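This report refers to the structure that appears directly beneath it.
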Amino acid sequence: MDDARTSDLRVSVLRGVEVWRDGVPIEVAGRRLRSLLALLTLSPGTPRRAEYLADQLWNGEPPSANALQALISRLRRVVGAEAVASRPTGYLLAVDPARVDVVRFDRLARERTPEAAREALALAGPEPLAEFADVPDLADEARRVEAECLKLADLAELTESAGPAVAVETARLVQQPRLAVRLIGRDRLLAEITARLATTRLLTLVGAGGAGKTSLAKAVAYARDGAVVAELAPVGAESVAAEVLTAVGGRDVVVSDHSRRAADLNRDNRTRVAAVLRDRKLLLVLDNCEHVVDAAADLAALILDHCPEVTILTTSREPLAVPGEVRLPVDPLPVPPPDAEHDRLGEYAAMELLLERGRAVRPDLSADGADDAALAEICRRLDGSPLALELAAARFSVLTARQVADRLDDRFRLLTRGARTALPRQQTLRAVVDWSWDLLDLREREILAVCSVFAGHATLEDVEQVVGGRGAGLGGVVSDGPFLDVLDVLDRLVVKSLVVAAPRGGEMRYRLLETIREYARERLVESGRERSVRDRHARWYARLAERADRYLRGPEQVRWLKRLDEAEDNFRAALAWVQHCEDADTMLRLCAGLAWYWMLRGRNDGREETRAAVELADRVGTRRRMVFALVLALDAVGTFEGGTLPYEGKARLQRAREEFRRIGGRHTTLAILSDVMFAFFEPERFGDALDEEDRRCVEAGDAWGSGLIGMLRARVLADEDADAGERHARAAFERFRACGDRWGMAESGQALGYVESLRGEHRAALAVYAEAGENAREIGAIGDMMIIAVMSVWEHEYLGEHEAADRKLAEAESLQRDSRHGDESSAFVALTRAGLYRVRGELEAAAWHLAEARRFQQRGRDNPFRAYFHIETALLKAAMGDFRAAADYYLQALIAATKFFFDGPEVARCVEGLAAVALGLGEPAVAARLLGAAGTVRPAPLPDTRSRDTRRTASAVRAAVGEDDYERAVSEGKALSREEAFELARGHAARYSGVGGRAENGDSGCPAVH
């Protein structure tokens, strides 16, 4: 005991500051003065460093040079000069520990008897240390005491009549670790920490700043006896041993600042720590080790070697790397994904935390109201970081959740209102990241800044290529780090919890949490290197796309599709950057390299970027004429699914073809597609065009291109000549199989299955579709899988297998939700379900799903399903007896089916449907003629299973007009040319509907029919 201690002084701080000298109460006026006394009371007789006291009392803001000394002088005048003793590095309260209520509380708690428990609870009161919530260590002490009180409550309720056995058992139970401080979303992690501490002697909680490592460690410490927390945040490496020695109560004096820096004294402190802990059993928490990691590791190793009953729990942004250390990552809280179900948002821990903290300042906050989407967005954009979420919640007192979400682009200015009890570096989001940045060396800062340009994940190769080896570093300093050091630096950044590494797609991927990315991006901009780094990023991904394109039609297809899938966010970021910078050449390279990938992955992908690339190249010029020709072709092909008028699409196709001819080059995929699509506008030479393209492919030894021609030819011929369609489909399949192209096998399989269906071989069609679906699944072609599932739906329905059809349709709906085709695929699936209900006679259900299809249809672009939609609606209207409305929809369907080219099968369905309309309106002779005209449009008859509606109509018409008149009228219809058959149907549709030739989508009428 210090010889300066006064025996006549008694101090209480738990239920409010009270001081007695010689039994006379003394008033301690002033919040900061009472806080100073309370801090000294926590460790009576043990010096507290001046810098520690200043940091606690002024909340991290350095006071004036003599502010602390003035406060000490005031305290001495109140409690007596001899009661506050000065030592070389700090001040101590010279009082008998037995006369301090905090010490007496701990002694009583250790007795574990009902009487002692009741006395301890009375001593602590309902809210111990309540007035010191803004002093970090006093707030921590308050939580520790509250946790101890929770453990004592059960014991205190026992009476003497309960008997000693019950008291002993209750005491045993309350001594078991119990986590009294609730941390949202951390129950499983807390349990794991507790379990691991039972099997390891050094456990390090590793995670990014603000992840909640300190809260977890203190929660564990407060829940068990014999735990000591050493807060290392305020100290330097030379003071680690001294701080730990003070925390474990192993010294009376703290050495001076000058002496602390002396190696021999620091070693002496280390030896004293080991000596004090040698025979003690306790949990030692070393909190915030990242800035003193070497010193903390050195001390931890010493304690492990010499103190067998000590277990160490550390928190750090990087591990200590001591033998025997177990690392436990503290990850962000789970966040609701963008597609999370509305009624389950509150189940995600990040949302739960945000709501609980937000309701403290805005009680009406709810995940079920207007704020739900904004709250979920805040959780995602802040990566589930507990500290960041708490900072965001503090803003709900003045901003709505939507306003907070909208301002997260400027998050470092927005999130600045942390708890007063927090350390200074935990009170703003910027301070949290500043702390980590300041601990990095120059090369680490340089590569972290470069990593900020990546969107989503990146591979090691990606980072190496964008770092680019030697060059000007941050702040204008020349970086001489070799190219191969990127791996080592990335490793260090991962270890320091600044870069997240996780295996994905068979290799390790790296990413930054969004807050770290925003901070590093700021630093990159400050360095003046943003343009050069982002240019390298864009050029690298252009090279990657070009390299990948060579493998997308062969046996390496699956691997490279996955590689491009993983890089998709970075491709979009690169495209946005080069468009912003008007770098036409790189934008063209990106679009050309990604062209086939976009086609494989979704019809809508890249359409806007492609159009923008053409417009940019037209405006600023380009040196890459071949690449420009490829993008022109890609843009032209995409126009036909984007609502472009026919003449405009034809003009774009013509320009692309002329560009190819002018530069004397061609590209298998895009050249073939542009030539074939152009031939649709000249149907009289369509077959010749396909023959010419096939000849070129054969001469060039291009089996894949020849397979593409065969697949297209099979689709075109199937409705008119099933045998020819089958022949070309099988040949195409074999060529694609030889190339190793699963997409081609799936596409030609669809064509072959359609041929089998047209023959009425529905079981064979299902078998072919199953194989095609498997090929599509292997490459993740969700759009193709969905279409194949829908085609299978109808095969089962034709066979009368209604349950199997329903299962397939449910599968298609599930795939549609994952599809990139958006409204287009939603409309297609809704139309399929409507058709299924219609043929089963459930007309109200069919009408509901048609309304859904219309909703998607109106929201999206013009697409290949528009004619299908109008036909299905017409069929439903006719089934309901509304024949004039049906005629109106058939008229619209005829226009849609001939908007770009003459779609024979769809036109034939319209003509057949109009025959039913004519019959319903009392004109059976017209109906017979229309049935004959349908045979002109589609000469190959359909099997009974696919033509039940038409056969019912024909039977009714024959009965109405008689056999002879029926055959004569049908013959007249069959004698018409295609053009005449179309005009016949169009004229009757207009007459029945009362419309003189409706046009839609800006057309002035139907195009010419070929």
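Residue names in the structure tokens use chain letters A, B, ... in the order shown, residue numbers from 1 in each chain, and ligand numbers from 1 in the order shown.
DSSP, applied to the backbone of this structure, assigns strand (DSSP E) to the following residues of segment 36-170 of chain A: A:Arg48, A:Arg49, A:Val84, A:Ala85, A:Ser86, A:Arg87, A:Gly90, A:Tyr91, A:Leu92, A:Leu93.
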Store the residues picked out above in a file with N, CA and C atoms, as a PDB file, in the first residue's frame.
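part.pdb was written with the following content:
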ATOM      1  N   ARG A  48      -2.423   6.853 -12.734  1.00  0.00           N
ATOM      2  CA  ARG A  48      -3.047   6.993 -14.046  1.00  0.00           C
ATOM      3  C   ARG A  48      -2.273   8.055 -14.815  1.00  0.00           C
ATOM      4  N   ARG A  49      -1.851   7.694 -16.027  1.00  0.00           N
ATOM      5  CA  ARG A  49      -1.029   8.605 -16.813  1.00  0.00           C
ATOM      6  C   ARG A  49      -1.794   9.876 -17.143  1.00  0.00           C
ATOM      7  N   VAL A  84      -4.441  13.192  -3.420  1.00  0.00           N
ATOM      8  CA  VAL A  84      -4.158  13.075  -4.857  1.00  0.00           C
ATOM      9  C   VAL A  84      -2.659  13.233  -5.031  1.00  0.00           C
ATOM     10  N   ALA A  85      -1.981  12.093  -5.133  1.00  0.00           N
ATOM     11  CA  ALA A  85      -0.526  12.108  -5.179  1.00  0.00           C
ATOM     12  C   ALA A  85      -0.026  12.171  -6.607  1.00  0.00           C
ATOM     13  N   SER A  86       1.114  12.832  -6.778  1.00  0.00           N
ATOM     14  CA  SER A  86       1.727  12.964  -8.102  1.00  0.00           C
ATOM     15  C   SER A  86       2.874  11.974  -8.219  1.00  0.00           C
ATOM     16  N   ARG A  87       2.979  11.367  -9.398  1.00  0.00           N
ATOM     17  CA  ARG A  87       4.067  10.465  -9.708  1.00  0.00           C
ATOM     18  C   ARG A  87       4.696  10.919 -11.033  1.00  0.00           C
ATOM     19  N   GLY A  90       2.054  10.417 -13.818  1.00  0.00           N
ATOM     20  CA  GLY A  90       0.624  10.526 -13.627  1.00  0.00           C
ATOM     21  C   GLY A  90       0.256  10.791 -12.195  1.00  0.00           C
ATOM     22  N   TYR A  91      -1.035  10.465 -11.902  1.00  0.00           N
ATOM     23  CA  TYR A  91      -1.605  10.792 -10.595  1.00  0.00           C
ATOM     24  C   TYR A  91      -2.343   9.573 -10.068  1.00  0.00           C
ATOM     25  N   LEU A  92      -2.344   9.456  -8.709  1.00  0.00           N
ATOM     26  CA  LEU A  92      -3.073   8.366  -8.088  1.00  0.00           C
ATOM     27  C   LEU A  92      -3.902   8.895  -6.934  1.00  0.00           C
ATOM     28  N   LEU A  93      -4.937   8.136  -6.579  1.00  0.00           N
ATOM     29  CA  LEU A  93      -5.777   8.463  -5.430  1.00  0.00           C
ATOM     30  C   LEU A  93      -5.273   7.655  -4.235  1.00  0.00           C
TER      31      LEU A  93
END
Point to revise | Residue neighbourhood Ser977 of chain A, 10 Å, only C-alpha atoms, exclusion window fewer than 4 positions, as a VMD selection string | key: chain A and resid 933 936 to 937 973 981 to 983 1010
Output the selection as a short mmCIF file (atom, residue, chain, number, x, y, z; two decimals), in the first residue's frame - N, CA, C and O atoms for each residue.
data_model
loop_
_atom_site.label_atom_id
_atom_site.label_comp_id
_atom_site.auth_asym_id
_atom_site.auth_seq_id
_atom_site.Cartn_x
_atom_site.Cartn_y
_atom_site.Cartn_z
N ALA A 933 -56.99 -20.70 -96.80
CA ALA A 933 -55.89 -19.75 -96.89
C ALA A 933 -54.80 -20.05 -95.87
O ALA A 933 -53.60 -19.86 -96.13
N THR A 936 -52.31 -22.29 -97.20
CA THR A 936 -51.35 -21.65 -98.10
C THR A 936 -50.18 -21.06 -97.31
O THR A 936 -49.01 -21.19 -97.69
N VAL A 937 -50.52 -20.42 -96.21
CA VAL A 937 -49.48 -19.78 -95.40
C VAL A 937 -48.59 -20.83 -94.74
O VAL A 937 -47.37 -20.67 -94.65
N GLY A 973 -59.46 -20.94 -100.97
CA GLY A 973 -58.46 -20.36 -100.07
C GLY A 973 -57.07 -20.88 -100.34
O GLY A 973 -56.09 -20.13 -100.33
N ALA A 981 -53.54 -14.43 -99.34
CA ALA A 981 -54.06 -15.02 -98.11
C ALA A 981 -53.95 -14.02 -96.95
O ALA A 981 -54.88 -13.89 -96.13
N PHE A 982 -52.82 -13.34 -96.89
CA PHE A 982 -52.64 -12.34 -95.84
C PHE A 982 -53.67 -11.23 -95.96
O PHE A 982 -54.30 -10.82 -94.96
N GLU A 983 -53.86 -10.72 -97.18
CA GLU A 983 -54.79 -9.62 -97.37
C GLU A 983 -56.22 -10.05 -97.08
O GLU A 983 -57.03 -9.27 -96.56
N HIS A 1010 -44.19 -11.06 -98.09
CA HIS A 1010 -43.42 -11.83 -99.08
C HIS A 1010 -43.74 -13.29 -98.88
O HIS A 1010 -43.67 -13.79 -97.78
#
Practice item. Measuring atom to atom with only C-alpha atoms, identify which of A:Val11, A:Ala139, A:Leu984, A:Asp106 is nearest to Gly23 of chain A. Key: A:Val11
Check your understanding: Hey, what's within 9 Å of Val450 of chain A if we count only C-alpha atoms and toss same-chain stuff fewer than 2 positions away? As a ChimeraX atom specification, please?
Key -> /A:445-448,452-454,463,466-467,520-521,524,530,533-534
Practice item. Have a look at atom CA of Leu108 of chain A and atom CA of Ala153 of chain A and let me know their distance in Å, one decimal. Key: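 Taking atom CA of Leu108 of chain A as the start and atom CA of Ala153 of chain A as the end point, the length is 13.0 Å.
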Exercise for review: Could you give me, as a ChimeraX atom specification, the residues within 10 Å of Met745 of chain A, counting only C-alpha atoms and dropping anything in the same chain fewer than 4 positions from it?
Suggested key: /A:707,711,729-730,732-741,749-751,771-776
Written file, previous selection with C-alpha atoms, as an mmCIF file, in the first residue's frame:
data_model
loop_
_atom_site.group_PDB
_atom_site.id
_atom_site.type_symbol
_atom_site.label_atom_id
_atom_site.label_comp_id
_atom_site.auth_asym_id
_atom_site.auth_seq_id
_atom_site.Cartn_x
_atom_site.Cartn_y
_atom_site.Cartn_z
ATOM 1 C CA GLY A 707 -23.269 -25.115 -87.548
ATOM 2 C CA MET A 711 -29.295 -24.222 -86.974
ATOM 3 C CA ALA A 729 -30.780 -29.478 -87.047
ATOM 4 C CA ARG A 730 -28.939 -32.794 -86.634
ATOM 5 C CA ALA A 732 -25.791 -28.409 -86.823
ATOM 6 C CA PHE A 733 -25.843 -30.325 -83.540
ATOM 7 C CA GLU A 734 -22.968 -32.544 -84.653
ATOM 8 C CA ARG A 735 -20.885 -29.557 -85.756
ATOM 9 C CA PHE A 736 -21.443 -27.777 -82.445
ATOM 10 C CA ARG A 737 -20.637 -30.960 -80.542
ATOM 11 C CA ALA A 738 -17.394 -31.324 -82.472
ATOM 12 C CA CYS A 739 -16.533 -27.734 -81.512
ATOM 13 C CA GLY A 740 -17.482 -28.310 -77.871
ATOM 14 C CA ASP A 741 -20.057 -25.492 -77.933
ATOM 15 C CA GLY A 749 -31.582 -29.245 -79.844
ATOM 16 C CA GLN A 750 -34.442 -26.776 -79.532
ATOM 17 C CA ALA A 751 -34.824 -26.756 -83.325
ATOM 18 C CA GLU A 771 -30.731 -32.903 -73.468
ATOM 19 C CA ALA A 772 -30.882 -29.338 -74.774
ATOM 20 C CA GLY A 773 -31.806 -28.096 -71.310
ATOM 21 C CA GLU A 774 -28.834 -29.879 -69.778
ATOM 22 C CA ASN A 775 -26.471 -28.247 -72.265
ATOM 23 C CA ALA A 776 -28.004 -24.867 -71.491
#
Practice item. Could you tell me, as a PyMOL selection string, which residues of segment 501-667 of chain A DSSP assigns to alpha helix (DSSP H) when given the backbone? Key: chain A and resi 514-527+530-549+557-566+568-581+584-601+607-620+625-639+646-663
Study note, to complete from the structure: As a check of understanding: the span from atom CA of Tyr519 of chain A to atom CA of Trp437 of chain A is 9.3 Å
Check your understanding: Leaving out Arg34 of chain A and any residue of its chain fewer than 4 positions from it, which residues lie within 9 Å of it when counting only C-alpha atoms, given as number ranges by chain?
Key -> A: 13, 17, 28-30, 38-39, 75, 132
Please, could you write that set of residues out with N, CA and C atoms as a PDB file, in the first residue's frame?
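Generated file (out34.pdb):
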ATOM      1  N   VAL A  13     -18.695   6.039  -5.854  1.00  0.00           N
ATOM      2  CA  VAL A  13     -18.998   6.580  -7.196  1.00  0.00           C
ATOM      3  C   VAL A  13     -20.120   5.802  -7.893  1.00  0.00           C
ATOM      4  N   VAL A  17     -21.337  10.418  -7.003  1.00  0.00           N
ATOM      5  CA  VAL A  17     -20.075  10.725  -6.315  1.00  0.00           C
ATOM      6  C   VAL A  17     -20.356  11.258  -4.904  1.00  0.00           C
ATOM      7  N   VAL A  28     -18.319  17.492  -4.191  1.00  0.00           N
ATOM      8  CA  VAL A  28     -17.441  17.544  -5.362  1.00  0.00           C
ATOM      9  C   VAL A  28     -18.267  18.125  -6.502  1.00  0.00           C
ATOM     10  N   ALA A  29     -18.089  19.392  -6.790  1.00  0.00           N
ATOM     11  CA  ALA A  29     -18.927  20.095  -7.772  1.00  0.00           C
ATOM     12  C   ALA A  29     -18.257  20.097  -9.145  1.00  0.00           C
ATOM     13  N   GLY A  30     -19.079  19.922 -10.177  1.00  0.00           N
ATOM     14  CA  GLY A  30     -18.544  19.973 -11.545  1.00  0.00           C
ATOM     15  C   GLY A  30     -18.434  18.578 -12.158  1.00  0.00           C
ATOM     16  N   ALA A  38     -13.678   9.813 -10.269  1.00  0.00           N
ATOM     17  CA  ALA A  38     -14.142   8.455 -10.545  1.00  0.00           C
ATOM     18  C   ALA A  38     -13.083   7.643 -11.280  1.00  0.00           C
ATOM     19  N   LEU A  39     -12.393   8.252 -12.224  1.00  0.00           N
ATOM     20  CA  LEU A  39     -11.335   7.547 -12.953  1.00  0.00           C
ATOM     21  C   LEU A  39     -10.223   7.103 -12.009  1.00  0.00           C
ATOM     22  N   LEU A  75      -9.202  19.319  -7.532  1.00  0.00           N
ATOM     23  CA  LEU A  75      -9.543  18.110  -6.786  1.00  0.00           C
ATOM     24  C   LEU A  75      -8.781  18.048  -5.467  1.00  0.00           C
ATOM     25  N   PHE A 132     -21.737   9.035 -15.855  1.00  0.00           N
ATOM     26  CA  PHE A 132     -20.469   9.084 -16.586  1.00  0.00           C
ATOM     27  C   PHE A 132     -20.559   8.431 -17.964  1.00  0.00           C
TER      28      PHE A 132
END
Exercise for review: Find, counting only C-alpha atoms, the residue in A:Leu354, A:Ala147, A:Leu766, A:Ala242 that gets nearest to Leu299 of chain A.
Suggested key: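 Checking each of A:Leu354, A:Ala147, A:Leu766, A:Ala242 against Leu299 of chain A, counting only C-alpha atoms, the winner is A:Ala242.
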Practice item. List the neighbours of segment 836-851 of chain A out to 9 Å using only C-alpha atoms; skip same-chain residues closer than 3 positions along the sequence, and give me the result as a PyMOL selection string. Key: chain A and resi 793-794+797+805-806+827+830-833+854-856+869+872-873+875-876+879-880
Practice item. For segment 570-578 of chain A, list every protein, DNA or RNA residue within 12 Å, evaluated using only C-alpha atoms, and leave out those in the same chain fewer than 4 positions away; present the list as a PyMOL selection string. Key: chain A and resi 451-459+462-463+466+511+530-545+563-566+582-594+597-598+605-606+608-610+612-613+616-617
Revision key, fill the gap. Restricting to only C-alpha atoms, whichever of A:Gly835, A:Pro323, A:Pro337, A:Pro386 is closest to Ala373 of chain A is A:Pro337
